[in-house]
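*Asks:* Got a file for you: coords.cif, mmCIF, C-alpha atoms.
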data_coords
#
loop_
_atom_site.label_atom_id
_atom_site.label_comp_id
_atom_site.auth_asym_id
_atom_site.auth_seq_id
_atom_site.Cartn_x
_atom_site.Cartn_y
_atom_site.Cartn_z
CA MET A 1 -21.89 4.71 0.31
CA SER A 2 -21.50 5.30 -3.41
CA ARG A 3 -18.22 7.11 -2.69
CA ILE A 4 -15.89 6.64 0.21
CA SER A 5 -12.30 7.77 0.33
CA GLU A 6 -9.40 5.50 -0.50
CA PRO A 7 -8.14 5.42 3.09
CA SER A 8 -11.62 4.25 4.14
CA VAL A 9 -11.52 1.43 1.59
CA ARG A 10 -8.11 0.51 2.95
CA ARG A 11 -9.53 0.33 6.47
CA LEU A 12 -12.36 -1.86 5.18
CA SER A 13 -9.70 -4.20 3.74
CA HIS A 14 -8.05 -4.26 7.16
CA TYR A 15 -11.31 -5.01 8.99
CA TYR A 16 -11.98 -7.74 6.46
CA ARG A 17 -8.65 -9.40 7.26
CA VAL A 18 -9.21 -9.18 11.00
CA LEU A 19 -12.72 -10.61 10.58
CA GLU A 20 -11.45 -13.50 8.45
CA GLU A 21 -8.82 -14.23 11.09
CA VAL A 22 -11.26 -14.00 13.98
CA ALA A 23 -13.80 -16.15 12.10
CA ALA A 24 -11.10 -18.77 11.59
CA GLU A 25 -10.51 -18.70 15.35
CA GLY A 26 -14.19 -19.57 15.75
CA LYS A 27 -15.26 -16.31 17.44
CA ARG A 28 -18.87 -15.21 16.90
CA MET A 29 -18.73 -11.58 18.00
CA ILE A 30 -16.11 -8.82 17.88
CA SER A 31 -16.10 -5.41 19.53
CA SER A 32 -15.22 -2.19 17.73
CA HIS A 33 -12.52 -1.90 20.38
CA LEU A 34 -10.90 -5.18 19.27
CA LEU A 35 -11.24 -4.31 15.57
CA ALA A 36 -9.52 -1.03 16.39
CA GLU A 37 -6.86 -2.51 18.62
CA ARG A 38 -5.73 -4.96 16.01
CA GLU A 39 -5.35 -2.18 13.46
CA GLY A 40 -4.00 0.64 15.58
CA ILE A 41 -6.89 2.99 14.93
CA THR A 42 -9.57 4.29 17.29
CA SER A 43 -12.73 2.34 18.04
CA ALA A 44 -14.67 5.52 17.27
CA GLN A 45 -13.27 5.41 13.73
CA VAL A 46 -14.29 1.75 13.40
CA ARG A 47 -17.86 2.54 14.49
CA LYS A 48 -18.01 5.50 12.14
CA ASP A 49 -16.73 3.44 9.20
CA LEU A 50 -19.10 0.58 9.86
CA SER A 51 -22.14 2.73 10.57
CA SER A 52 -21.56 4.57 7.29
CA PHE A 53 -22.65 1.46 5.45
CA GLY A 54 -25.44 0.64 7.84
CA SER A 55 -23.76 -1.90 10.08
CA PHE A 56 -24.36 -1.25 13.76
CA GLY A 57 -23.02 -3.39 16.56
CA ARG A 58 -24.77 -3.99 19.84
CA ARG A 59 -23.51 -2.39 22.99
CA GLY A 60 -21.65 -4.94 25.10
CA LEU A 61 -21.82 -7.55 22.35
CA GLY A 62 -20.18 -5.91 19.36
CA TYR A 63 -20.50 -7.00 15.77
CA HIS A 64 -21.46 -10.41 14.46
CA VAL A 65 -18.20 -11.66 12.88
CA GLU A 66 -19.49 -13.68 9.92
CA HIS A 67 -22.25 -11.26 9.08
CA LEU A 68 -19.91 -8.28 9.08
CA ARG A 69 -17.25 -10.22 7.14
CA ASP A 70 -19.79 -11.12 4.43
CA GLU A 71 -21.09 -7.57 4.30
CA ILE A 72 -17.59 -6.13 3.83
CA ARG A 73 -16.71 -8.85 1.33
CA ALA A 74 -19.65 -7.78 -0.82
CA LEU A 75 -18.82 -4.09 -0.36
CA LEU A 76 -15.25 -4.68 -1.53
CA GLY A 77 -16.50 -6.61 -4.55
CA LEU A 78 -14.94 -9.84 -3.31
CA ASP A 79 -18.11 -11.93 -3.55
CA ARG A 80 -17.43 -12.56 -7.24
CA ARG A 81 -14.45 -13.30 -9.49
CA TRP A 82 -12.48 -10.72 -11.47
CA ARG A 83 -10.83 -11.52 -14.78
CA ALA A 84 -7.44 -9.83 -14.99
CA CYS A 85 -4.34 -9.81 -17.16
CA VAL A 86 -0.78 -8.76 -16.48
CA VAL A 87 1.22 -6.79 -19.03
CA GLY A 88 4.95 -7.16 -18.49
CA ALA A 89 6.59 -10.55 -18.02
CA GLY A 90 9.51 -9.25 -15.97
CA HIS A 91 10.18 -9.65 -12.25
CA ILE A 92 7.10 -7.79 -11.01
CA GLY A 93 4.82 -9.60 -13.46
CA ALA A 94 6.30 -12.94 -12.44
CA ALA A 95 5.97 -12.13 -8.74
CA LEU A 96 2.30 -11.24 -9.20
CA LEU A 97 1.52 -14.31 -11.32
CA GLY A 98 3.21 -16.53 -8.75
CA TYR A 99 1.23 -15.21 -5.80
CA ARG A 100 -1.67 -17.51 -4.97
CA GLY A 101 -3.35 -15.07 -2.60
CA PHE A 102 -4.96 -13.15 -5.46
CA ALA A 103 -6.99 -16.13 -6.68
CA ASP A 104 -8.07 -16.78 -3.08
CA GLN A 105 -9.73 -13.36 -3.03
CA GLY A 106 -11.29 -13.67 -6.48
CA PHE A 107 -8.65 -12.08 -8.70
CA ASP A 108 -7.80 -14.43 -11.57
CA LEU A 109 -4.67 -13.37 -13.42
CA VAL A 110 -5.54 -15.42 -16.47
CA ALA A 111 -3.07 -14.08 -19.01
CA VAL A 112 0.29 -12.36 -19.36
CA PHE A 113 1.50 -10.18 -22.22
CA ASP A 114 4.86 -8.73 -23.19
CA ALA A 115 6.34 -6.83 -26.11
CA ASP A 116 9.73 -8.57 -25.97
CA ALA A 117 10.15 -11.26 -28.65
CA ASP A 118 12.48 -13.18 -26.32
CA ARG A 119 9.75 -13.50 -23.71
CA ILE A 120 6.77 -14.19 -25.99
CA GLY A 121 5.89 -17.87 -26.15
CA ARG A 122 7.72 -18.73 -22.92
CA THR A 123 5.80 -20.06 -19.95
CA LEU A 124 5.73 -17.86 -16.84
CA GLU A 125 4.14 -19.31 -13.71
CA GLY A 126 1.98 -21.59 -15.84
CA ARG A 127 0.86 -18.97 -18.38
CA VAL A 128 2.25 -18.65 -21.90
CA VAL A 129 3.48 -15.10 -22.51
CA ARG A 130 1.44 -13.56 -25.35
CA PRO A 131 2.40 -10.63 -27.59
CA VAL A 132 0.98 -7.38 -26.27
CA SER A 133 -0.37 -6.71 -29.78
CA GLN A 134 -2.90 -9.48 -29.10
CA LEU A 135 -4.58 -7.50 -26.31
CA SER A 136 -8.22 -7.20 -27.38
CA ALA A 137 -11.73 -6.99 -26.03
CA LYS A 138 -12.30 -10.64 -27.01
CA ASP A 139 -10.57 -11.85 -23.85
CA GLY A 140 -13.00 -9.96 -21.65
CA PHE A 141 -10.44 -8.67 -19.15
CA GLU A 142 -11.97 -6.48 -16.46
CA ILE A 143 -8.70 -5.51 -14.80
CA GLY A 144 -5.32 -4.88 -16.37
CA VAL A 145 -2.08 -4.83 -14.39
CA ILE A 146 0.81 -2.78 -15.76
CA ALA A 147 4.17 -4.26 -14.79
CA THR A 148 6.21 -2.81 -17.63
CA PRO A 149 9.15 -0.40 -17.69
CA VAL A 150 8.16 3.26 -17.32
CA ARG A 151 8.65 4.06 -21.00
CA ALA A 152 6.01 1.53 -22.12
CA ALA A 153 3.43 2.20 -19.42
CA GLN A 154 1.25 4.84 -21.12
CA GLU A 155 1.08 2.92 -24.39
CA VAL A 156 0.08 -0.22 -22.50
CA ALA A 157 -2.54 1.72 -20.54
CA ASP A 158 -4.03 2.93 -23.84
CA ALA A 159 -4.07 -0.65 -25.18
CA LEU A 160 -5.77 -1.91 -22.01
CA VAL A 161 -8.41 0.81 -22.26
CA ALA A 162 -8.96 -0.08 -25.93
CA ALA A 163 -9.34 -3.73 -24.85
CA GLY A 164 -12.17 -2.67 -22.57
CA VAL A 165 -10.73 -3.05 -19.07
CA GLN A 166 -12.61 -1.16 -16.35
CA GLY A 167 -9.72 -0.89 -13.96
CA ILE A 168 -5.94 -0.61 -14.14
CA LEU A 169 -3.39 -1.34 -11.44
CA ASN A 170 -0.15 0.43 -12.31
CA PHE A 171 3.21 -0.69 -10.91
CA ALA A 172 5.26 1.51 -13.22
CA PRO A 173 6.44 4.62 -11.36
CA ARG A 174 4.85 7.24 -13.56
CA LYS A 175 1.50 9.00 -13.81
CA LEU A 176 -0.83 7.64 -16.46
CA ARG A 177 -3.76 9.22 -18.28
CA VAL A 178 -6.91 7.12 -18.65
CA PRO A 179 -10.50 8.07 -19.46
CA ASP A 180 -12.80 8.87 -16.51
CA SER A 181 -14.70 5.65 -17.13
CA VAL A 182 -11.62 3.62 -16.19
CA THR A 183 -10.45 3.38 -12.57
CA LEU A 184 -6.72 3.72 -12.08
CA ARG A 185 -4.77 2.71 -8.98
CA ALA A 186 -1.04 3.22 -8.68
CA VAL A 187 1.13 1.05 -6.46
CA ASP A 188 3.95 3.01 -4.88
CA MET A 189 6.42 0.77 -3.09
CA THR A 190 8.35 3.72 -1.74
CA MET A 191 5.45 4.52 0.56
CA GLU A 192 5.94 1.23 2.38
CA PHE A 193 9.55 2.16 3.03
CA GLU A 194 8.49 5.61 4.17
CA SER A 195 6.11 4.19 6.72
CA LEU A 196 9.06 2.26 8.12
CA SER A 197 11.50 5.18 8.07
CA TYR A 198 8.89 7.34 9.82
CA ALA A 199 8.51 4.76 12.57
CA LEU A 200 12.26 4.24 12.93
CA THR A 201 12.97 7.96 13.01
CA HIS A 202 10.49 8.55 15.80
CA ALA A 203 11.31 5.40 17.73
CA ARG A 204 14.93 6.48 17.62
CA ALA A 205 14.23 10.07 18.57
CA GLY A 206 12.07 8.76 21.40
CA ARG A 207 14.89 6.60 22.68
CA LEU A 208 17.62 9.19 22.30
CA SER A 209 15.79 12.20 23.67
CA ALA A 210 12.23 11.73 24.73
CA GLY A 211 10.10 14.70 23.85
CA ARG A 212 12.27 16.01 21.05
CA VAL A 213 9.72 15.16 18.37
CA ARG A 214 6.67 15.92 20.44
CA ARG A 215 3.85 18.00 19.14
CA ARG A 216 4.68 21.68 19.15
CA PRO A 217 2.14 24.08 20.61
CA PRO A 218 0.01 25.93 18.03
CA ARG A 219 1.52 29.20 16.97
CA GLY A 220 -1.86 30.82 16.76
CA ARG A 221 -1.80 31.50 13.07
CA PRO A 222 -5.09 31.36 11.21
CA ARG A 223 -5.88 28.31 9.14
CA ALA A 224 -4.96 28.08 5.47
CA MET B 1 3.84 13.83 17.25
CA SER B 2 5.69 10.89 18.76
CA ARG B 3 2.93 8.57 17.56
CA ILE B 4 0.58 9.04 14.66
CA SER B 5 -1.48 6.32 13.02
CA GLU B 6 -0.34 4.46 9.93
CA PRO B 7 -3.04 6.02 7.74
CA SER B 8 -1.77 9.44 8.85
CA VAL B 9 1.78 8.53 7.84
CA ARG B 10 0.40 7.37 4.50
CA ARG B 11 -1.29 10.74 4.04
CA LEU B 12 2.00 12.48 4.89
CA SER B 13 3.64 10.41 2.14
CA HIS B 14 0.92 11.57 -0.23
CA TYR B 15 1.32 15.23 0.71
CA TYR B 16 5.05 14.85 0.26
CA ARG B 17 4.56 13.58 -3.30
CA VAL B 18 2.17 16.39 -4.15
CA LEU B 19 4.58 18.94 -2.68
CA GLU B 20 7.51 17.52 -4.65
CA GLU B 21 5.42 17.70 -7.81
CA VAL B 22 4.19 21.22 -7.13
CA ALA B 23 7.73 22.36 -6.22
CA ALA B 24 8.94 20.94 -9.54
CA GLU B 25 6.25 23.04 -11.26
CA GLY B 26 7.79 26.08 -9.60
CA LYS B 27 4.84 26.94 -7.35
CA ARG B 28 5.66 28.73 -4.09
CA MET B 29 2.41 28.29 -2.14
CA ILE B 30 -0.25 25.60 -1.97
CA SER B 31 -3.67 25.67 -0.30
CA SER B 32 -4.99 22.88 1.93
CA HIS B 33 -7.81 22.72 -0.60
CA LEU B 34 -5.41 21.87 -3.41
CA LEU B 35 -3.47 19.37 -1.26
CA ALA B 36 -6.82 17.76 -0.47
CA GLU B 37 -8.15 17.86 -4.01
CA ARG B 38 -5.15 16.09 -5.39
CA GLU B 39 -5.52 13.32 -2.86
CA GLY B 40 -9.26 12.93 -2.66
CA ILE B 41 -9.50 13.79 1.02
CA THR B 42 -11.01 16.81 2.75
CA SER B 43 -9.12 20.05 3.21
CA ALA B 44 -10.13 19.91 6.90
CA GLN B 45 -8.24 16.62 7.20
CA VAL B 46 -5.19 18.20 5.55
CA ARG B 47 -5.23 21.14 7.98
CA LYS B 48 -5.67 18.78 10.92
CA ASP B 49 -2.79 16.56 9.78
CA LEU B 50 -0.47 19.48 9.18
CA SER B 51 -1.40 21.38 12.33
CA SER B 52 -0.72 18.23 14.37
CA PHE B 53 2.97 18.70 13.69
CA GLY B 54 2.91 22.42 14.09
CA SER B 55 2.62 23.53 10.47
CA PHE B 56 0.00 26.21 9.98
CA GLY B 57 -0.83 27.80 6.67
CA ARG B 58 -1.96 31.38 6.20
CA ARG B 59 -5.53 32.10 5.30
CA GLY B 60 -5.80 32.99 1.64
CA LEU B 61 -2.16 32.09 1.01
CA GLY B 62 -1.87 28.50 2.11
CA TYR B 63 1.34 26.65 2.88
CA HIS B 64 4.82 27.44 1.70
CA VAL B 65 5.61 24.55 -0.66
CA GLU B 66 9.33 24.08 -0.08
CA HIS B 67 9.16 24.69 3.63
CA LEU B 68 6.34 22.18 4.09
CA ARG B 69 8.04 19.67 1.81
CA ASP B 70 11.26 19.86 3.83
CA GLU B 71 9.36 19.59 7.08
CA ILE B 72 7.51 16.46 5.95
CA ARG B 73 10.70 15.01 4.50
CA ALA B 74 12.35 15.27 7.91
CA LEU B 75 9.26 13.89 9.66
CA LEU B 76 9.22 10.86 7.37
CA GLY B 77 12.90 10.29 8.01
CA LEU B 78 13.79 11.01 4.38
CA ASP B 79 16.42 13.66 5.15
CA ARG B 80 19.03 10.93 5.66
CA ARG B 81 20.02 7.61 4.05
CA TRP B 82 18.91 4.16 5.22
CA ARG B 83 21.04 1.08 4.84
CA ALA B 84 18.90 -1.90 3.85
CA CYS B 85 19.27 -5.46 2.66
CA VAL B 86 16.93 -7.77 0.79
CA VAL B 87 16.58 -11.42 1.73
CA GLY B 88 15.24 -13.51 -1.13
CA ALA B 89 16.70 -13.31 -4.62
CA GLY B 90 13.51 -14.33 -6.41
CA HIS B 91 11.17 -12.20 -8.48
CA ILE B 92 10.12 -9.82 -5.71
CA GLY B 93 13.69 -9.35 -4.54
CA ALA B 94 14.84 -8.69 -8.08
CA ALA B 95 11.99 -6.25 -8.71
CA LEU B 96 12.90 -4.30 -5.55
CA LEU B 97 16.62 -4.25 -6.31
CA GLY B 98 15.90 -3.05 -9.83
CA TYR B 99 13.75 -0.11 -8.74
CA ARG B 100 15.74 3.10 -8.71
CA GLY B 101 13.08 5.11 -6.88
CA PHE B 102 14.16 3.73 -3.50
CA ALA B 103 17.65 5.20 -3.71
CA ASP B 104 16.12 8.54 -4.78
CA GLN B 105 14.28 8.67 -1.44
CA GLY B 106 17.26 7.56 0.63
CA PHE B 107 16.76 3.79 0.81
CA ASP B 108 19.94 2.01 -0.24
CA LEU B 109 19.38 -1.68 -0.89
CA VAL B 110 23.04 -2.50 -0.57
CA ALA B 111 22.96 -6.29 -0.33
CA VAL B 112 20.91 -9.34 -1.23
CA PHE B 113 20.87 -12.73 0.48
CA ASP B 114 19.39 -16.10 -0.37
CA ALA B 115 19.50 -19.64 1.02
CA ASP B 116 19.47 -21.32 -2.40
CA ALA B 117 22.91 -22.60 -3.46
CA ASP B 118 21.94 -22.06 -7.12
CA ARG B 119 21.37 -18.37 -6.52
CA ILE B 120 24.30 -17.65 -4.20
CA GLY B 121 27.21 -16.05 -6.03
CA ARG B 122 25.10 -14.90 -8.96
CA THR B 123 24.70 -11.22 -9.72
CA LEU B 124 21.22 -9.76 -9.36
CA GLU B 125 20.70 -6.14 -10.44
CA GLY B 126 24.35 -5.42 -9.78
CA ARG B 127 24.60 -7.11 -6.37
CA VAL B 128 26.21 -10.51 -5.76
CA VAL B 129 23.77 -12.81 -3.97
CA ARG B 130 25.25 -13.76 -0.58
CA PRO B 131 24.38 -16.77 1.58
CA VAL B 132 21.76 -15.89 4.18
CA SER B 133 24.02 -17.49 6.80
CA GLN B 134 26.32 -14.47 6.36
CA LEU B 135 23.72 -12.06 7.74
CA SER B 136 25.40 -10.37 10.68
CA ALA B 137 25.55 -7.14 12.60
CA LYS B 138 28.87 -6.31 10.90
CA ASP B 139 27.08 -5.04 7.80
CA GLY B 140 25.15 -2.47 9.81
CA PHE B 141 21.80 -2.94 8.11
CA GLU B 142 19.07 -0.76 9.55
CA ILE B 143 16.23 -2.19 7.47
CA GLY B 144 15.72 -5.75 6.28
CA VAL B 145 13.32 -6.65 3.48
CA ILE B 146 11.86 -10.15 3.47
CA ALA B 147 11.13 -11.38 -0.06
CA THR B 148 11.30 -15.10 0.62
CA PRO B 149 8.71 -17.87 0.35
CA VAL B 150 6.29 -18.03 3.29
CA ARG B 151 7.95 -21.06 4.88
CA ALA B 152 11.30 -19.24 5.32
CA ALA B 153 9.95 -15.87 6.43
CA GLN B 154 9.96 -16.29 10.23
CA GLU B 155 13.45 -17.78 10.27
CA VAL B 156 14.71 -14.90 8.14
CA ALA B 157 12.97 -12.39 10.41
CA ASP B 158 14.77 -13.92 13.39
CA ALA B 159 18.10 -13.72 11.53
CA LEU B 160 17.48 -10.07 10.63
CA VAL B 161 16.66 -9.24 14.24
CA ALA B 162 19.82 -11.03 15.36
CA ALA B 163 21.75 -8.97 12.80
CA GLY B 164 20.48 -5.82 14.48
CA VAL B 165 17.99 -4.37 11.99
CA GLN B 166 15.56 -1.84 13.47
CA GLY B 167 12.86 -2.31 10.89
CA ILE B 168 11.55 -5.11 8.69
CA LEU B 169 9.46 -4.84 5.55
CA ASN B 170 7.73 -8.16 4.94
CA PHE B 171 6.50 -9.21 1.50
CA ALA B 172 5.80 -12.82 2.49
CA PRO B 173 2.07 -13.29 3.08
CA ARG B 174 2.23 -14.47 6.67
CA LYS B 175 2.30 -12.85 10.11
CA LEU B 176 5.71 -12.61 11.72
CA ARG B 177 6.78 -12.28 15.34
CA VAL B 178 9.49 -9.75 16.13
CA PRO B 179 10.55 -8.09 19.39
CA ASP B 180 8.85 -4.81 20.32
CA SER B 181 12.08 -2.96 19.65
CA VAL B 182 11.86 -3.84 15.95
CA THR B 183 9.29 -2.17 13.69
CA LEU B 184 7.51 -4.51 11.31
CA ARG B 185 5.54 -3.47 8.22
CA ALA B 186 3.77 -5.97 6.03
CA VAL B 187 3.09 -5.35 2.37
CA ASP B 188 -0.19 -6.84 1.22
CA MET B 189 -0.62 -6.67 -2.54
CA THR B 190 -4.15 -8.00 -2.36
CA MET B 191 -5.25 -4.71 -0.79
CA GLU B 192 -4.34 -2.85 -3.95
CA PHE B 193 -6.58 -5.17 -5.93
CA GLU B 194 -9.35 -4.72 -3.38
CA SER B 195 -9.25 -0.96 -3.70
CA LEU B 196 -9.81 -1.49 -7.42
CA SER B 197 -12.59 -4.07 -7.04
CA TYR B 198 -14.33 -1.76 -4.57
CA ALA B 199 -14.22 1.10 -7.06
CA LEU B 200 -15.34 -1.07 -9.97
CA THR B 201 -18.18 -2.63 -7.99
CA HIS B 202 -19.58 0.74 -6.99
CA ALA B 203 -18.98 2.40 -10.35
CA ARG B 204 -20.85 -0.49 -11.94
CA ALA B 205 -23.67 -0.49 -9.39
CA GLY B 206 -23.98 3.25 -9.92
CA ARG B 207 -24.29 2.80 -13.65
CA LEU B 208 -26.70 -0.11 -13.51
CA SER B 209 -29.05 1.17 -10.86
CA ALA B 210 -28.30 4.49 -9.27
CA GLY B 211 -28.96 4.46 -5.58
CA ARG B 212 -28.68 0.72 -5.08
CA VAL B 213 -25.52 1.00 -3.05
CA ARG B 214 -26.43 4.22 -1.27
CA ARG B 215 -26.02 4.62 2.42
CA ARG B 216 -28.79 2.94 4.35
CA PRO B 217 -30.56 4.93 7.06
CA PRO B 218 -29.40 4.14 10.60
CA ARG B 219 -31.43 1.41 12.22
CA GLY B 220 -31.30 3.12 15.57
CA ARG B 221 -29.35 0.42 17.34
CA PRO B 222 -26.93 1.47 20.06
CA ARG B 223 -23.25 1.58 19.28
CA ALA B 224 -21.03 -1.41 19.88
#
Can the structure from this file be put into C-alpha cells for me?
*Replies:*
Amino acid sequence: MSRISEPSVRRLSHYYRVLEEVAAEGKRMISSHLLAEREGITSAQVRKDLSSFGSFGRRGLGYHVEHLRDEIRALLGLDRRWRACVVGAGHIGAALLGYRGFADQGFDLVAVFDADADRIGRTLEGRVVRPVSQLSAKDGFEIGVIATPVRAAQEVADALVAAGVQGILNFAPRKLRVPDSVTLRAVDMTMEFESLSYALTHARAGRLSAGRVRRRPPRGRPRA
Amino acid sequence: MSRISEPSVRRLSHYYRVLEEVAAEGKRMISSHLLAEREGITSAQVRKDLSSFGSFGRRGLGYHVEHLRDEIRALLGLDRRWRACVVGAGHIGAALLGYRGFADQGFDLVAVFDADADRIGRTLEGRVVRPVSQLSAKDGFEIGVIATPVRAAQEVADALVAAGVQGILNFAPRKLRVPDSVTLRAVDMTMEFESLSYALTHARAGRLSAGRVRRRPPRGRPRA
C-alpha cells in the first residue's frame, strides 16, 4: 500500500464520496456492486481496490459504510488538517480561496501571495494578499498551490520548495521541475473537456450510425 | 469501443499528451513501456487500452507516434471544434475564459452569461457578459459550462438543457439532474488536493517508519 497508482487514488476519492453520501442517508452497509454502480466501474475493480488495503466485505452483506469511510479517510490523509498557501491572486486563486469545500476536507488555504504591487495588501476572500518575496519556512506551509501565469510558475515552484512545502498543486499549464522529495500534481482542465467531448462524440456516433465506433477485431499483430 | 469507463478516457487523454510531446520532440515510434513510464501505469494496461480500440504496436518497435496521436485525437473528439458557453461570470468563469489551452484543443468558449445585473454588459476576457435569460437554442451551443454559485446551478442546468446543449461541465459543488440524453461531467477540485494529501501521507509514513502503511495480509474473509 505504500504506492498505488494515481487512478487508484482517484477511485479511492470516489468511493469516499459515495460512502459519505450513503452514510448521510443512514445506510449501514454497502455492496461492492453499489459502490461500482455509482461510479461506473466494475464491482471486481472495487473489491480489488479495497482488498489491496486489507478491507474485505462480507458476502451478501458488503462493506460496513462508516468503517470503510474512516479507513479511506485515513488512507487519503484526510483525518488531519493541511496547511496550504496559494500563490497568485488572480481568478484561479480567488476561485480556490472562495471555495469552502477545501476546509471541509481538511485543506486550510491560510495565505495568498502575489508579485503584483497592485494586488499586494488587498483583501481577497478574507485573506490579505502578501508579497511573494515573503514566502518562507516560518509560515510552515505543507502544500503550495500555484495559480500564477505560466511565465512565473517555475520561479514560484522554486520559492515554495525553498519555503519547505512537501507538495505542490500546479494550475499553470506548464511542466515544472521540483526535487524528488516534493510531490507535484498538475491540474489540467482540458482533460475535463476531453472527457465530455469523448462522450459526446460516441453518443452522437451511436445515435447516427450504431456500430460505427464499435471495437474493431484484432488484426493479429504481435504486442508492442 | 462505444463505451469505455471514465478512467480509461482519462488515460487516453494522458497518452494523447505524451504523444503530442513526443511528436514535438521529433520521435517516430514509442513503446508501450515508455507510454506507461511517463504516466506511472503498467505497460500491460497501455497495451490493453490501445488494443481495445484496435491499435496494435509492433514488438520491438512500438507504436507509430503520429498515427496513434491522430487516432486518439479522433477518439476523444478533438479532430473538430466544439461550441461552448460559460454560465457564471465570477472567478471560475473568468479563469476558464482566460485559458487559451481550451481553444488549442478545439473548445471554443464563445459566450458568457450571468444573472447579475452588475455583471451583464461588462466585458470579461474579451466577451460581453449576456443575461442568462438570453440562453437559447439559436446560439447552437453544444457544451455548457456551469460556473455559478451552488444555489443557481440546477436552474442553469435546466436552462442549458432547454437551449439544446449535449454536454454540461459542472464546477458548482452539487449534484445536478439532467436528462439521459445530456452528458454531465462534474469537476471536483477537492480530488486534486486529495491526490496530494494521499501522496504526502504515505511519503511521510514511509520516511518515519518504513512498513507502517504496507499492505496488510488478507484476513481470509469471503468477498463482498
*Asks:* Could you tell me how far atom CA of Ala152 of chain A lies from atom CA of Ala94 of chain B, in Å and to one decimal?
*Replies:*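 Answer for the atom CA of Ala152 of chain A to atom CA of Ala94 of chain B separation: 19.5 Å.
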*Asks:* Applied to the shown file, which residues does the PyMOL selection byres ((chain A and resi 72) around 12) return, written as a PyMOL selection string?
*Replies:* (chain A and resi 8-20+49-50+52-55+65-71+73-79) or (chain B and resi 194+198)
*Asks:* Excluding Gly90 of chain A and any residue of its chain fewer than 4 positions from it, enumerate the residues within 12 Å of it, using all atoms listed in the file, and give them as a list in words.
*Replies:*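 Here the answer would be Val86, Ala94, Ala95, Leu96, Leu97, Val112, Phe113, Asp114, Ala115, Asp116, Asp118, Arg119, Ile120, Arg122, Leu124, Glu125, Val129, Ile146, Ala147, Thr148, Pro149, Phe171 and Ala172 of chain A; Gly90, His91, Ile92, Ala94, Ala95 and Gly98 of chain B.
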*Asks:* Which residue gives the smallest distance to Arg28 of chain A among A:Leu61, A:Ala163, A:Val182, A:Ile143, with all atoms listed in the file counted?
*Replies:*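 Under the stated criterion, the closest residue is A:Leu61.
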*Asks:* By how many Å are atom CA of Gln105 of chain B and atom CA of Thr190 of chain A apart?
*Replies:*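 Answer for the atom CA of Gln105 of chain B to atom CA of Thr190 of chain A separation: 7.7 Å.
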*Asks:* To one decimal in Å, tell me the separation between atom CA of Ser32 of chain A and atom CA of Ala186 of chain B.
*Replies:* 22.6 Å
*Asks:* With the file shown as input, list the residues that the PyMOL selection byres ((chain A and resi 183) around 9) selects, as a PyMOL selection string.
*Replies:* (chain A and resi 166-169+178-182+184-185) or (chain B and resi 196+199-200+203)
*Asks:* Between B:Val156, B:Ala89, B:Val132, B:Val161, which one has atoms that come closest to chain A, using all atoms listed in the file?
*Replies:*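 Of B:Val156, B:Ala89, B:Val132, B:Val161, the one nearest chain A is B:Ala89, counting all atoms listed in the file.
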*Asks:* List the residues sitting within 7 Å of (-13.1, -0.3, 18.5) in the file's frame, using only C-alpha atoms, as a PDB file with C-alpha atoms, in the coordinates of the input.
*Replies:*
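Contents of out-v9.pdb, freshly written:
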ATOM      1  CA  SER A  31     -16.100  -5.410  19.530  1.00  0.00           C
ATOM      2  CA  SER A  32     -15.220  -2.190  17.730  1.00  0.00           C
ATOM      3  CA  HIS A  33     -12.520  -1.900  20.380  1.00  0.00           C
ATOM      4  CA  LEU A  34     -10.900  -5.180  19.270  1.00  0.00           C
ATOM      5  CA  LEU A  35     -11.240  -4.310  15.570  1.00  0.00           C
ATOM      6  CA  ALA A  36      -9.520  -1.030  16.390  1.00  0.00           C
ATOM      7  CA  GLU A  37      -6.860  -2.510  18.620  1.00  0.00           C
ATOM      8  CA  THR A  42      -9.570   4.290  17.290  1.00  0.00           C
ATOM      9  CA  SER A  43     -12.730   2.340  18.040  1.00  0.00           C
ATOM     10  CA  ALA A  44     -14.670   5.520  17.270  1.00  0.00           C
ATOM     11  CA  VAL A  46     -14.290   1.750  13.400  1.00  0.00           C
ATOM     12  CA  ARG A  47     -17.860   2.540  14.490  1.00  0.00           C
TER      13      ARG A  47
END
*Asks:* Out of B:Arg127, B:Lys27, B:Arg83, B:Arg59, which residue has the shortest atom-to-atom distance to Val145 of chain B when counting only C-alpha atoms?
*Replies:* B:Arg83
*Asks:* Write out as a list in words each polymer residue whose atoms come within 6 Å of Cys85 of chain B, counting all atoms listed in the file; drop sequence neighbours fewer than 5 positions from it.
*Replies:* Leu109, Val110, Ala111, Val112 and Gly144 of chain B
*Asks:* Give, as lines of an AutoDock Vina configuration file, the centre coordinates and the x, y and z edge lengths in Å to one decimal for an axis-aligned box around all listed atoms of segment 124-138 of chain B, padded by 6 Å on each side.
*Replies:*
center_x = 24.8
center_y = -11.5
center_z = 1.1
size_x = 20.2
size_y = 24.1
size_z = 35.0
*Asks:* Go through B:Gly164, B:Gly57, B:Gly140, B:Gly26 one by one, measure the shortest atom-to-atom distance of each to chain A using all atoms listed in the file, and give the residue with the smallest value.
*Replies:* B:Gly57
